[in-house]
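Colleague: Have a look at this one before I ask anything.
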Amino acid sequence: MAKVAMGIDIEAPIEEVFDYVADFRNALEWMHDFNQFEPVGEKKQGAGARVLAEGKIMGIPFETELEIVEFVENVRITSRSVRGVRSVSHWLFKPTPTGGTEVCFVAVHHLPGLVLARGPLRRILEKELELNTEHSLRNLKRTMEARERVAVVASVGEGTK
């Protein structure tokens with residue numbers, strides 16, 4: 001079992017950050033080392049929605065199907081795998097005093113095989129999962145803050161007409 005817990009502050013409103021993360025169509029824009037993130041079934045968002053996620057860890061392809069098991073708007077999204085790499089992941093959102101959003105990601109991955117679970121490769125895999133999470137959070141921050149800057153510039157420009 002490998003656990004990853006990491007957070008980042010984003011200078012964008014919590015509603016915008018939550019909505020962006022909750023929309024599967026945005027996943028490939030910011031999630032590091034994923035190359036597919038597609039809905040499975042009719043439900044696209046909220047509890048009960050499922051997505052097929054494919055990517056690479058340490059250059060090794062993986063596939064998993066995730067089901068959203070908890071969806072509290074602007075607070076939490078929890079998923080668990082129902083196929084493929086076993087995991088439970090939590091996206092947690094809190095407003096910051098500056099009007100931004102603190103985003104935390106906490107995940108527990110069940111590593112395949114006894115060698116990975118107890119051997120020297122475990123720490124290497126854990127570090128890779130941490131780096132992927134860090135890259136994803138930084139990508140999310142960069143994307144959301146760029147969108148926020150564009151919105152501010154657009155609203156300032158509207159005042160000059």
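Ordering of the structure tokens sets the chain letters (A, B, ...), residue numbers begin anew at 1 in every chain, and ligands are numbered from 1 in the order given.
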Neighbouring residues of region 47-59 of chain A were defined as those with any atom within 12 Å, considering only C-alpha atoms; residues of the same chain fewer than 4 positions away were excluded. Please report them as a PyMOL selection string.

Modeller: chain A and resi 22-25+27-28+31-43+63-73+76-85+111+121-122+124-133

Colleague: Going by DSSP on the backbone, which bits of region 5-159 of chain A are helix (DSSP H, G or I)? Write them as a ChimeraX atom specification, please.

Modeller: /A:14-22,24-30,113-118,121-158

Colleague: Which residues are near Ala107 (chain A)? Cut-off 10 Å, only C-alpha atoms, ignore same chain within fewer than 2 positions. Put them as a PyMOL selection string.

Modeller: chain A and resi 2-6+78-80+87-91+105+109-110+129+133

Colleague: Those selected residues, please, written with all heavy atoms and delivered as a compact mmCIF listing (two decimals), in the first residue's frame.

Modeller:
# COMPACT_ATOMS: atom_id res chain seq x y z
N ALA A 2 0.53 2.23 -0.83
CA ALA A 2 1.26 3.49 -0.88
C ALA A 2 0.27 4.62 -0.68
O ALA A 2 -0.80 4.64 -1.29
CB ALA A 2 1.96 3.64 -2.23
N LYS A 3 0.64 5.56 0.20
CA LYS A 3 -0.24 6.70 0.46
C LYS A 3 0.44 7.97 -0.03
O LYS A 3 1.65 8.15 0.17
CB LYS A 3 -0.53 6.81 1.96
CG LYS A 3 -1.49 7.93 2.27
CD LYS A 3 -1.87 7.95 3.74
CE LYS A 3 -2.83 9.11 4.00
NZ LYS A 3 -3.27 9.13 5.39
N VAL A 4 -0.35 8.82 -0.67
CA VAL A 4 0.12 10.12 -1.12
C VAL A 4 -0.81 11.16 -0.53
O VAL A 4 -2.03 11.01 -0.61
CB VAL A 4 0.10 10.23 -2.66
CG1 VAL A 4 0.50 11.61 -3.12
CG2 VAL A 4 0.99 9.18 -3.30
N ALA A 5 -0.25 12.19 0.08
CA ALA A 5 -1.05 13.30 0.60
C ALA A 5 -0.29 14.59 0.30
O ALA A 5 0.87 14.74 0.70
CB ALA A 5 -1.27 13.15 2.10
N MET A 6 -0.96 15.50 -0.42
CA MET A 6 -0.29 16.72 -0.84
C MET A 6 -1.33 17.80 -1.10
O MET A 6 -2.46 17.49 -1.49
CB MET A 6 0.50 16.43 -2.12
CG MET A 6 1.55 17.41 -2.47
SD MET A 6 2.55 16.79 -3.87
CE MET A 6 3.35 15.39 -3.12
N THR A 78 -14.58 12.04 -3.80
CA THR A 78 -13.89 10.80 -3.44
C THR A 78 -14.19 9.76 -4.51
O THR A 78 -15.34 9.59 -4.91
CB THR A 78 -14.35 10.28 -2.07
OG1 THR A 78 -14.06 11.26 -1.07
CG2 THR A 78 -13.66 8.96 -1.71
N SER A 79 -13.13 9.09 -4.96
CA SER A 79 -13.31 8.01 -5.93
C SER A 79 -12.64 6.75 -5.41
O SER A 79 -11.71 6.81 -4.59
CB SER A 79 -12.72 8.40 -7.29
OG SER A 79 -11.32 8.53 -7.20
N ARG A 80 -13.12 5.64 -5.91
CA ARG A 80 -12.45 4.36 -5.62
C ARG A 80 -12.42 3.58 -6.92
O ARG A 80 -13.29 3.72 -7.79
CB ARG A 80 -13.17 3.58 -4.52
CG ARG A 80 -14.50 3.05 -4.91
CD ARG A 80 -15.09 2.12 -3.84
NE ARG A 80 -16.48 1.86 -4.10
CZ ARG A 80 -16.93 1.00 -5.00
NH1 ARG A 80 -16.10 0.29 -5.72
NH2 ARG A 80 -18.24 0.83 -5.18
N SER A 87 -7.35 1.68 -5.78
CA SER A 87 -7.05 2.92 -5.07
C SER A 87 -8.32 3.55 -4.52
O SER A 87 -9.42 3.24 -4.96
CB SER A 87 -6.36 3.92 -6.00
OG SER A 87 -7.26 4.34 -7.01
N VAL A 88 -8.12 4.42 -3.54
CA VAL A 88 -9.15 5.32 -3.04
C VAL A 88 -8.51 6.69 -3.01
O VAL A 88 -7.41 6.86 -2.47
CB VAL A 88 -9.64 4.94 -1.62
CG1 VAL A 88 -10.62 5.96 -1.09
CG2 VAL A 88 -10.25 3.55 -1.64
N SER A 89 -9.16 7.67 -3.64
CA SER A 89 -8.61 9.02 -3.74
C SER A 89 -9.61 10.05 -3.26
O SER A 89 -10.82 9.93 -3.52
CB SER A 89 -8.25 9.34 -5.20
OG SER A 89 -7.34 8.40 -5.71
N HIS A 90 -9.09 11.08 -2.59
CA HIS A 90 -9.92 12.17 -2.10
C HIS A 90 -9.34 13.49 -2.62
O HIS A 90 -8.14 13.75 -2.48
CB HIS A 90 -9.90 12.24 -0.56
CG HIS A 90 -10.23 10.96 0.10
ND1 HIS A 90 -11.52 10.55 0.33
CD2 HIS A 90 -9.43 9.98 0.58
CE1 HIS A 90 -11.50 9.38 0.94
NE2 HIS A 90 -10.25 9.00 1.09
N TRP A 91 -10.19 14.32 -3.21
CA TRP A 91 -9.87 15.70 -3.55
C TRP A 91 -10.62 16.55 -2.54
O TRP A 91 -11.86 16.46 -2.46
CB TRP A 91 -10.31 16.04 -4.97
CG TRP A 91 -9.47 15.38 -6.01
CD1 TRP A 91 -9.71 14.20 -6.66
CD2 TRP A 91 -8.22 15.85 -6.51
NE1 TRP A 91 -8.70 13.93 -7.53
CE2 TRP A 91 -7.77 14.92 -7.47
CE3 TRP A 91 -7.44 16.98 -6.25
CZ2 TRP A 91 -6.57 15.08 -8.16
CZ3 TRP A 91 -6.25 17.14 -6.93
CH2 TRP A 91 -5.83 16.20 -7.88
N PHE A 105 -4.95 16.59 -2.09
CA PHE A 105 -5.17 15.28 -2.71
C PHE A 105 -4.61 14.24 -1.77
O PHE A 105 -3.46 14.32 -1.35
CB PHE A 105 -4.47 15.20 -4.07
CG PHE A 105 -4.61 13.87 -4.73
CD1 PHE A 105 -5.79 13.47 -5.31
CD2 PHE A 105 -3.53 12.99 -4.76
CE1 PHE A 105 -5.91 12.22 -5.92
CE2 PHE A 105 -3.63 11.75 -5.37
CZ PHE A 105 -4.83 11.37 -5.95
N HIS A 109 -3.01 3.78 -2.66
CA HIS A 109 -2.89 2.85 -3.79
C HIS A 109 -2.45 1.50 -3.24
O HIS A 109 -1.52 1.43 -2.44
CB HIS A 109 -1.84 3.35 -4.80
CG HIS A 109 -2.13 4.72 -5.32
ND1 HIS A 109 -3.02 4.96 -6.32
CD2 HIS A 109 -1.63 5.92 -4.95
CE1 HIS A 109 -3.05 6.25 -6.58
NE2 HIS A 109 -2.23 6.86 -5.75
N HIS A 110 -3.11 0.47 -3.67
CA HIS A 110 -2.71 -0.89 -3.28
C HIS A 110 -1.78 -1.41 -4.36
O HIS A 110 -2.18 -1.60 -5.50
CB HIS A 110 -3.94 -1.78 -3.10
CG HIS A 110 -4.83 -1.29 -2.02
ND1 HIS A 110 -4.63 -1.61 -0.69
CD2 HIS A 110 -5.90 -0.46 -2.05
CE1 HIS A 110 -5.54 -1.00 0.04
NE2 HIS A 110 -6.32 -0.31 -0.75
N LEU A 129 4.66 8.29 -7.53
CA LEU A 129 3.29 8.72 -7.30
C LEU A 129 3.27 10.12 -6.68
O LEU A 129 2.43 10.96 -7.03
CB LEU A 129 2.56 7.72 -6.40
CG LEU A 129 2.28 6.36 -7.02
CD1 LEU A 129 1.78 5.38 -5.96
CD2 LEU A 129 1.31 6.46 -8.17
N THR A 133 1.70 13.47 -8.45
CA THR A 133 0.72 14.29 -7.74
C THR A 133 1.18 15.75 -7.69
O THR A 133 0.39 16.67 -7.95
CB THR A 133 0.50 13.75 -6.32
OG1 THR A 133 0.01 12.41 -6.41
CG2 THR A 133 -0.47 14.61 -5.53

Colleague: As a PyMOL selection string, please: the residues near region 10-21 of chain A (cut-off 8 Å, only C-alpha atoms, same-chain neighbours under 3 positions excluded).

Modeller: chain A and resi 24+26-27+73-75+93-95+98-103+141+144-145+148

Colleague: Go ahead and save the residues from that selection, with C-alpha atoms, as a short mmCIF file (atom, residue, chain, number, x, y, z; two decimals), in the first residue's frame.

Modeller:
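part13.cif written:
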data_model
loop_
_atom_site.label_atom_id
_atom_site.label_comp_id
_atom_site.auth_asym_id
_atom_site.auth_seq_id
_atom_site.Cartn_x
_atom_site.Cartn_y
_atom_site.Cartn_z
CA PHE A 24 -13.71 14.85 -16.55
CA ASN A 26 -10.53 18.90 -18.15
CA ALA A 27 -8.52 16.02 -16.64
CA GLU A 73 -19.94 20.41 -4.03
CA ASN A 74 -17.01 22.75 -3.24
CA VAL A 75 -15.83 20.41 -0.46
CA PHE A 93 -11.30 21.86 -1.26
CA LYS A 94 -11.21 24.69 1.32
CA PRO A 95 -11.51 28.43 0.84
CA THR A 98 -7.54 35.58 0.30
CA GLY A 99 -10.54 34.23 -1.64
CA GLY A 100 -8.55 31.43 -3.21
CA THR A 101 -8.75 27.67 -2.76
CA GLU A 102 -6.66 25.15 -0.87
CA VAL A 103 -6.73 21.87 -2.79
CA LYS A 141 -2.64 25.82 -10.07
CA MET A 144 -6.67 27.96 -12.78
CA GLU A 145 -4.60 31.05 -12.02
CA GLU A 148 -8.38 33.86 -13.29
#

Colleague: Enumerate, as a PyMOL selection string, the complete set of residues in chain A that a backbone-based DSSP assignment places in strand (DSSP E).

Modeller: chain A and resi 2-10+34-40+50-57+60-72+76-84+86-95+101-110

Colleague: Pull C-alpha atoms from the residues just selected and write them as a compact mmCIF listing (two decimals), in the first residue's frame.

Modeller:
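Saved the output as result_35.txt:
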# COMPACT_ATOMS: atom_id res chain seq x y z
CA ALA A 2 1.26 3.49 -0.88
CA LYS A 3 -0.24 6.70 0.46
CA VAL A 4 0.12 10.12 -1.12
CA ALA A 5 -1.05 13.30 0.60
CA MET A 6 -0.29 16.72 -0.84
CA GLY A 7 -1.88 20.14 -1.14
CA ILE A 8 -1.52 23.48 -2.88
CA ASP A 9 -3.07 26.94 -2.64
CA ILE A 10 -4.64 28.29 -5.81
CA PHE A 34 -2.59 10.38 -17.97
CA ASN A 35 -3.49 9.93 -21.63
CA GLN A 36 -7.15 8.95 -21.35
CA PHE A 37 -9.93 10.01 -19.01
CA GLU A 38 -13.33 9.03 -20.42
CA PRO A 39 -16.76 8.51 -18.85
CA VAL A 40 -18.16 5.00 -18.54
CA ARG A 50 -17.45 6.40 -13.54
CA VAL A 51 -14.40 7.13 -15.68
CA LEU A 52 -11.85 4.97 -17.43
CA ALA A 53 -8.38 6.37 -16.77
CA GLU A 54 -5.24 5.29 -18.58
CA GLY A 55 -1.72 6.52 -18.11
CA LYS A 56 1.81 5.54 -17.16
CA ILE A 57 3.68 5.10 -13.91
CA ILE A 60 4.62 1.36 -17.43
CA PRO A 61 1.08 1.64 -18.84
CA PHE A 62 -1.82 1.18 -16.46
CA GLU A 63 -5.60 1.30 -16.65
CA THR A 64 -8.19 1.77 -13.96
CA GLU A 65 -11.89 2.44 -13.74
CA LEU A 66 -12.85 4.92 -11.05
CA GLU A 67 -16.25 5.46 -9.48
CA ILE A 68 -17.16 8.66 -7.67
CA VAL A 69 -18.43 7.49 -4.28
CA GLU A 70 -18.69 10.89 -2.60
CA PHE A 71 -19.41 14.26 -4.20
CA VAL A 72 -19.93 17.26 -1.93
CA ARG A 76 -14.86 16.87 -1.56
CA ILE A 77 -14.73 14.38 -4.39
CA THR A 78 -13.89 10.80 -3.44
CA SER A 79 -13.31 8.01 -5.93
CA ARG A 80 -12.45 4.36 -5.62
CA SER A 81 -11.30 1.98 -8.28
CA VAL A 82 -13.66 -0.70 -9.41
CA ARG A 83 -11.25 -2.26 -11.92
CA GLY A 84 -7.52 -2.17 -12.58
CA ARG A 86 -6.79 -0.47 -6.76
CA SER A 87 -7.05 2.92 -5.07
CA VAL A 88 -9.15 5.32 -3.04
CA SER A 89 -8.61 9.02 -3.74
CA HIS A 90 -9.92 12.17 -2.10
CA TRP A 91 -9.87 15.70 -3.55
CA LEU A 92 -10.50 18.17 -0.73
CA PHE A 93 -11.30 21.86 -1.26
CA LYS A 94 -11.21 24.69 1.32
CA PRO A 95 -11.51 28.43 0.84
CA THR A 101 -8.75 27.67 -2.76
CA GLU A 102 -6.66 25.15 -0.87
CA VAL A 103 -6.73 21.87 -2.79
CA CYS A 104 -5.53 18.69 -1.09
CA PHE A 105 -5.17 15.28 -2.71
CA VAL A 106 -5.02 12.17 -0.56
CA ALA A 107 -4.82 8.71 -2.12
CA VAL A 108 -4.12 5.18 -1.04
CA HIS A 109 -2.89 2.85 -3.79
CA HIS A 110 -2.71 -0.89 -3.28

Colleague: Find the distance between CA of Arg138 (chain A) and CA of Glu29 (chain A) and write it in Å to one decimal.

Modeller: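 Computed distance, CA of Arg138 (chain A) to CA of Glu29 (chain A), equals 11.6 Å.
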